[in-house]
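Peer 1: Before I ask anything, here is the structure I am working with.
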Amino acid sequence: MEISNLNCPKCGANIPEQVKRGKIFNCGHCDSTLVWPEKQPTVTLRYGLHLCPDCGADNQLARGFCRNCGVSLTKACPKCRDNFYVGDNFCPNGHDFVKEQQNFEREQRRQETLWLPLTLQKASEVRGSPEIRSYTVSGQFEQVFESIIQSINGYSWGINRFKVRKSDANVGYIMACVTGKIGDIEIRAYIQPGDLTERIVVLTCARDFPTLPIPPDWKKQVIDKLVAQLPFSLHTR
Ligand SMILES: [Zn+2]
Ligand SMILES: [Zn+2]
Ligand SMILES: [Zn+2]
């Protein structure tokens, strides 16, 4: 929702630009920091130095979280990762937040489109006609990586070999591969790395030595069981 034709609560000057709820901006006349708080249904502008975009309370400059509602008052620059005030357009190192955010999202989409076909191809090279599944999961890389390592390791059917590998893939970023074994059944997990909040996880299940056939349902069951015991929910892609 956008509103125009408002007056600055500090100096009374007319604000010609459109006002977006929850978006901190400055009065063109007195330069006060202004906001129509996110949690304020009626069009009310607040002014101050270090405004909370959610509730509109003014805060001391040193505060990282709102004194009234606890919301974060900083955001991280997508380029240099420096934290700075949510209302500022440029980070302390001069990076344009909106522009860098767009670059970051473009790079995320690029990584996703390159990563999945490459990984599915690698997964299909596993011996013993693997069962392959791909999922999306929310979480930071280390968190997802650690959980999967623990789940394979702690698998109730027993593991006699366990291997973790992080290596450079040929497209220039890190590909994580976790391998665990249940008897002579090999489980692999490929986890999409990078600076994402949603990542792709590819799981494979196959027999290391394809001399003894295993029922196809068995491989499915192993993956189902693994997915069920992970501490986050995976969504089928
Ligand atoms: Zn003003
Ligand atoms: Zn607040
Ligand atoms: Zn920056």
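Going by the structure tokens order, chains are called A, B, ..., each with residues numbered from 1, while ligands are numbered from 1 in the order shown.
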Do you have, as a Markdown table, the list of residues of chain A lying at most 10 Å from ligand 3, each with its nearest atom pair and that distance in Å to one decimal, counting only C-alpha atoms and all ligand atoms and ordered by chain then number?
Peer 2:
| residue | atom | partner | partner_atom_place_in_ligand_line | distance |
| --- | --- | --- | --- | --- |
| A:Ala76 | CA | ligand 3 | 1 (Zn) | 7.9 |
| A:Cys77 | CA | ligand 3 | 1 (Zn) | 4.6 |
| A:Pro78 | CA | ligand 3 | 1 (Zn) | 6.7 |
| A:Lys79 | CA | ligand 3 | 1 (Zn) | 5.0 |
| A:Cys80 | CA | ligand 3 | 1 (Zn) | 4.1 |
| A:Arg81 | CA | ligand 3 | 1 (Zn) | 6.1 |
| A:Asp82 | CA | ligand 3 | 1 (Zn) | 5.8 |
| A:Asn83 | CA | ligand 3 | 1 (Zn) | 8.3 |
| A:Phe84 | CA | ligand 3 | 1 (Zn) | 9.0 |
| A:Phe90 | CA | ligand 3 | 1 (Zn) | 7.5 |
| A:Cys91 | CA | ligand 3 | 1 (Zn) | 4.8 |
| A:Pro92 | CA | ligand 3 | 1 (Zn) | 6.4 |
| A:Asn93 | CA | ligand 3 | 1 (Zn) | 5.0 |
| A:Gly94 | CA | ligand 3 | 1 (Zn) | 6.1 |
| A:His95 | CA | ligand 3 | 1 (Zn) | 4.5 |
| A:Asp96 | CA | ligand 3 | 1 (Zn) | 7.5 |
| A:Phe97 | CA | ligand 3 | 1 (Zn) | 7.5 |
| A:Glu100 | CA | ligand 3 | 1 (Zn) | 8.3 |
Peer 1: Please, could you write that set of residues out with N, CA and C atoms as a PDB file, in the first residue's frame?
Peer 2:
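Output (selection38.pdb):
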ATOM      1  N   ALA A  76      22.226  -6.651   6.742  1.00  0.00           N
ATOM      2  CA  ALA A  76      23.583  -6.949   6.280  1.00  0.00           C
ATOM      3  C   ALA A  76      23.716  -6.587   4.809  1.00  0.00           C
ATOM      4  N   CYS A  77      24.825  -5.931   4.467  1.00  0.00           N
ATOM      5  CA  CYS A  77      25.092  -5.609   3.061  1.00  0.00           C
ATOM      6  C   CYS A  77      25.316  -6.925   2.306  1.00  0.00           C
ATOM      7  N   PRO A  78      24.591  -7.161   1.201  1.00  0.00           N
ATOM      8  CA  PRO A  78      24.754  -8.424   0.474  1.00  0.00           C
ATOM      9  C   PRO A  78      26.154  -8.572  -0.119  1.00  0.00           C
ATOM     10  N   LYS A  79      26.882  -7.465  -0.283  1.00  0.00           N
ATOM     11  CA  LYS A  79      28.205  -7.540  -0.907  1.00  0.00           C
ATOM     12  C   LYS A  79      29.333  -7.745   0.109  1.00  0.00           C
ATOM     13  N   CYS A  80      29.384  -6.887   1.163  1.00  0.00           N
ATOM     14  CA  CYS A  80      30.515  -6.966   2.097  1.00  0.00           C
ATOM     15  C   CYS A  80      30.123  -7.534   3.463  1.00  0.00           C
ATOM     16  N   ARG A  81      28.832  -7.815   3.656  1.00  0.00           N
ATOM     17  CA  ARG A  81      28.296  -8.414   4.892  1.00  0.00           C
ATOM     18  C   ARG A  81      28.346  -7.493   6.107  1.00  0.00           C
ATOM     19  N   ASP A  82      28.741  -6.233   5.947  1.00  0.00           N
ATOM     20  CA  ASP A  82      28.712  -5.295   7.063  1.00  0.00           C
ATOM     21  C   ASP A  82      27.258  -5.022   7.472  1.00  0.00           C
ATOM     22  N   ASN A  83      27.031  -4.903   8.772  1.00  0.00           N
ATOM     23  CA  ASN A  83      25.695  -4.568   9.247  1.00  0.00           C
ATOM     24  C   ASN A  83      25.545  -3.065   9.348  1.00  0.00           C
ATOM     25  N   PHE A  84      24.373  -2.573   8.967  1.00  0.00           N
ATOM     26  CA  PHE A  84      24.114  -1.142   9.088  1.00  0.00           C
ATOM     27  C   PHE A  84      22.613  -0.913   9.268  1.00  0.00           C
ATOM     28  N   PHE A  90      22.817   3.064   1.691  1.00  0.00           N
ATOM     29  CA  PHE A  90      24.179   2.628   1.375  1.00  0.00           C
ATOM     30  C   PHE A  90      24.848   2.068   2.625  1.00  0.00           C
ATOM     31  N   CYS A  91      25.626   0.991   2.457  1.00  0.00           N
ATOM     32  CA  CYS A  91      26.351   0.398   3.574  1.00  0.00           C
ATOM     33  C   CYS A  91      27.547   1.271   3.923  1.00  0.00           C
ATOM     34  N   PRO A  92      28.227   1.034   5.070  1.00  0.00           N
ATOM     35  CA  PRO A  92      29.372   1.876   5.454  1.00  0.00           C
ATOM     36  C   PRO A  92      30.500   1.859   4.420  1.00  0.00           C
ATOM     37  N   ASN A  93      30.514   0.857   3.554  1.00  0.00           N
ATOM     38  CA  ASN A  93      31.557   0.795   2.524  1.00  0.00           C
ATOM     39  C   ASN A  93      31.076   1.302   1.168  1.00  0.00           C
ATOM     40  N   GLY A  94      29.903   1.935   1.180  1.00  0.00           N
ATOM     41  CA  GLY A  94      29.428   2.594  -0.032  1.00  0.00           C
ATOM     42  C   GLY A  94      28.694   1.720  -1.029  1.00  0.00           C
ATOM     43  N   HIS A  95      28.270   0.534  -0.636  1.00  0.00           N
ATOM     44  CA  HIS A  95      27.527  -0.315  -1.566  1.00  0.00           C
ATOM     45  C   HIS A  95      26.035   0.023  -1.523  1.00  0.00           C
ATOM     46  N   ASP A  96      25.445   0.118  -2.682  1.00  0.00           N
ATOM     47  CA  ASP A  96      24.028   0.428  -2.831  1.00  0.00           C
ATOM     48  C   ASP A  96      23.218  -0.823  -2.456  1.00  0.00           C
ATOM     49  N   PHE A  97      22.465  -0.747  -1.354  1.00  0.00           N
ATOM     50  CA  PHE A  97      21.795  -1.948  -0.831  1.00  0.00           C
ATOM     51  C   PHE A  97      20.843  -2.573  -1.843  1.00  0.00           C
ATOM     52  N   GLU A 100      22.747  -4.119  -4.768  1.00  0.00           N
ATOM     53  CA  GLU A 100      23.493  -5.322  -4.364  1.00  0.00           C
ATOM     54  C   GLU A 100      22.553  -6.478  -4.044  1.00  0.00           C
TER      55      GLU A 100
END
Peer 1: Residues within 9 Å of ligand 1 should be enumerated using only C-alpha atoms and all ligand atoms and returned as a ChimeraX atom specification.
Peer 2: /A:7-15,26-34,47
Peer 1: Give as a list in words the residues surrounding ligand 2 up to a distance of 9 Å, considering only C-alpha atoms and all ligand atoms.
Peer 2: Pro37, Leu51, Cys52, Pro53, Asp54, Cys55, Gly56, Ala57, Asp58, Asn59, Phe65, Cys66, Arg67, Asn68, Cys69, Gly70, Val71, Ser72 and Leu73 of chain A
Peer 1: Let's have the selection written as a JSON list (two decimals), in the first residue's frame, with N, CA and C atoms.
Peer 2:
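Generated output (part_12.json):
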[["chain", "number", "residue", "atom", "x", "y", "z"],
["A", 37, "PRO", "N", 4.98, 3.29, 10.42],
["A", 37, "PRO", "CA", 5.33, 1.98, 10.97],
["A", 37, "PRO", "C", 4.52, 0.83, 10.36],
["A", 51, "LEU", "N", 14.77, 5.19, 13.84],
["A", 51, "LEU", "CA", 13.40, 4.68, 13.94],
["A", 51, "LEU", "C", 13.31, 3.18, 13.71],
["A", 52, "CYS", "N", 12.34, 2.57, 14.41],
["A", 52, "CYS", "CA", 12.03, 1.17, 14.16],
["A", 52, "CYS", "C", 11.02, 1.12, 13.01],
["A", 53, "PRO", "N", 11.31, 0.36, 11.95],
["A", 53, "PRO", "CA", 10.37, 0.31, 10.82],
["A", 53, "PRO", "C", 9.07, -0.41, 11.17],
["A", 54, "ASP", "N", 9.09, -1.23, 12.22],
["A", 54, "ASP", "CA", 7.91, -2.01, 12.58],
["A", 54, "ASP", "C", 6.93, -1.24, 13.46],
["A", 55, "CYS", "N", 7.45, -0.68, 14.59],
["A", 55, "CYS", "CA", 6.53, -0.05, 15.54],
["A", 55, "CYS", "C", 6.67, 1.47, 15.55],
["A", 56, "GLY", "N", 7.72, 2.00, 14.93],
["A", 56, "GLY", "CA", 7.88, 3.45, 14.84],
["A", 56, "GLY", "C", 8.59, 4.09, 16.03],
["A", 57, "ALA", "N", 8.96, 3.29, 17.06],
["A", 57, "ALA", "CA", 9.66, 3.86, 18.22],
["A", 57, "ALA", "C", 11.02, 4.39, 17.80],
["A", 58, "ASP", "N", 11.43, 5.49, 18.45],
["A", 58, "ASP", "CA", 12.77, 6.01, 18.17],
["A", 58, "ASP", "C", 13.75, 5.32, 19.14],
["A", 59, "ASN", "N", 14.95, 5.07, 18.67],
["A", 59, "ASN", "CA", 15.94, 4.33, 19.46],
["A", 59, "ASN", "C", 17.25, 5.09, 19.53],
["A", 65, "PHE", "N", 18.67, -3.59, 18.25],
["A", 65, "PHE", "CA", 17.29, -4.08, 18.24],
["A", 65, "PHE", "C", 16.39, -3.04, 18.89],
["A", 66, "CYS", "N", 15.15, -2.97, 18.42],
["A", 66, "CYS", "CA", 14.21, -1.95, 18.90],
["A", 66, "CYS", "C", 13.95, -2.10, 20.40],
["A", 67, "ARG", "N", 13.98, -0.99, 21.14],
["A", 67, "ARG", "CA", 13.75, -1.01, 22.59],
["A", 67, "ARG", "C", 12.30, -1.35, 22.90],
["A", 68, "ASN", "N", 11.39, -1.13, 21.95],
["A", 68, "ASN", "CA", 9.97, -1.35, 22.20],
["A", 68, "ASN", "C", 9.48, -2.73, 21.74],
["A", 69, "CYS", "N", 9.85, -3.14, 20.53],
["A", 69, "CYS", "CA", 9.29, -4.40, 20.00],
["A", 69, "CYS", "C", 10.35, -5.46, 19.71],
["A", 70, "GLY", "N", 11.63, -5.11, 19.86],
["A", 70, "GLY", "CA", 12.69, -6.11, 19.72],
["A", 70, "GLY", "C", 13.11, -6.46, 18.31],
["A", 71, "VAL", "N", 12.51, -5.79, 17.32],
["A", 71, "VAL", "CA", 12.84, -6.07, 15.92],
["A", 71, "VAL", "C", 14.28, -5.60, 15.61],
["A", 72, "SER", "N", 14.95, -6.26, 14.69],
["A", 72, "SER", "CA", 16.32, -5.87, 14.34],
["A", 72, "SER", "C", 16.33, -4.52, 13.63],
["A", 73, "LEU", "N", 17.26, -3.67, 14.03],
["A", 73, "LEU", "CA", 17.36, -2.35, 13.40],
["A", 73, "LEU", "C", 18.49, -2.30, 12.38]]
Peer 1: Find the residues around A:Leu226 up to 9 Å (only C-alpha atoms counted), leave out those fewer than 5 positions away in its own chain, and share them as a PDB file with C-alpha atoms, in the first residue's frame.
Peer 2:
ATOM      1  CA  ILE A 148      22.929 -34.631   7.429  1.00  0.00           C
ATOM      2  CA  SER A 151      21.776 -38.342  10.553  1.00  0.00           C
ATOM      3  CA  ILE A 152      23.771 -40.645   8.324  1.00  0.00           C
ATOM      4  CA  TYR A 155      21.516 -44.226  11.361  1.00  0.00           C
ATOM      5  CA  GLN A 221      12.668 -46.984   2.162  1.00  0.00           C
TER       6      GLN A 221
END
Peer 1: Find the residues around A:Ser134 up to 9 Å (only C-alpha atoms counted), leave out those fewer than 4 positions away in its own chain, and share them as a ChimeraX atom specification.
Peer 2: /A:116,120,200-204,235-237
Peer 1: Pick out the closest residue to A:Thr136 from this set: A:Ile185, A:Val35, A:Leu45, A:Val227. Count only C-alpha atoms.
Peer 2: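 Among the listed residues, A:Val227 lies closest to A:Thr136.
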Peer 1: Output as a VMD selection string all residues of stretch 17-179 of chain A that backbone DSSP marks as strand (DSSP E).
Peer 2: chain A and resid 19 to 20 25 to 26 33 to 35 46 to 48 74 to 76 83 to 85 131 to 138 162 to 168 174 to 179
Peer 1: Kindly assemble as CSV a list of the stretch 81-155 of chain A residues that lie within 10 Å of stretch 186-190 of chain A, each paired with its nearest atom pair and their distance in Å to one decimal, using only C-alpha atoms, sorted first by chain and then by ascending residue number.
Peer 2:
residue,atom,partner,partner_atom,distance
A:Leu116,CA,A:Tyr190,CA,9.8
A:Thr119,CA,A:Tyr190,CA,7.2
A:Leu120,CA,A:Tyr190,CA,9.2
A:Lys122,CA,A:Tyr190,CA,9.4
A:Ala123,CA,A:Arg188,CA,8.2
A:Val126,CA,A:Arg188,CA,9.0
A:Arg127,CA,A:Glu186,CA,9.3
A:Gly128,CA,A:Glu186,CA,9.4
A:Pro130,CA,A:Glu186,CA,9.1
A:Glu131,CA,A:Ile187,CA,9.6
A:Ile132,CA,A:Arg188,CA,9.4
A:Arg133,CA,A:Ala189,CA,9.7
A:Ser134,CA,A:Tyr190,CA,9.2
A:Phe145,CA,A:Ala189,CA,8.9
A:Ile148,CA,A:Ala189,CA,7.6
A:Ile149,CA,A:Ala189,CA,8.8
A:Ile152,CA,A:Ile187,CA,7.8
Peer 1: With C-alpha atoms retained, could you export that selection as a compact mmCIF listing (two decimals), in the first residue's frame?
Peer 2:
# COMPACT_ATOMS: atom_id res chain seq x y z
CA LEU A 116 21.16 -28.95 -9.97
CA THR A 119 24.74 -32.58 -9.27
CA LEU A 120 22.07 -34.88 -10.73
CA LYS A 122 27.20 -36.67 -10.63
CA ALA A 123 24.60 -38.53 -8.58
CA VAL A 126 27.05 -43.66 -8.48
CA ARG A 127 27.32 -47.43 -8.98
CA GLY A 128 24.40 -49.78 -8.53
CA PRO A 130 20.91 -45.35 -7.44
CA GLU A 131 17.61 -44.08 -6.16
CA ILE A 132 17.94 -40.27 -6.56
CA ARG A 133 15.79 -37.63 -4.92
CA SER A 134 16.12 -33.87 -4.84
CA PHE A 145 25.58 -30.09 6.31
CA ILE A 148 22.93 -34.63 7.43
CA ILE A 149 26.32 -35.87 8.62
CA ILE A 152 23.77 -40.65 8.32
Peer 1: With only C-alpha atoms as the atoms that count, which of A:His50, A:Arg21, A:Arg199, A:Arg106 lies nearest to A:Tyr85?
Peer 2: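 Selected residue with least distance to A:Tyr85: A:His50.
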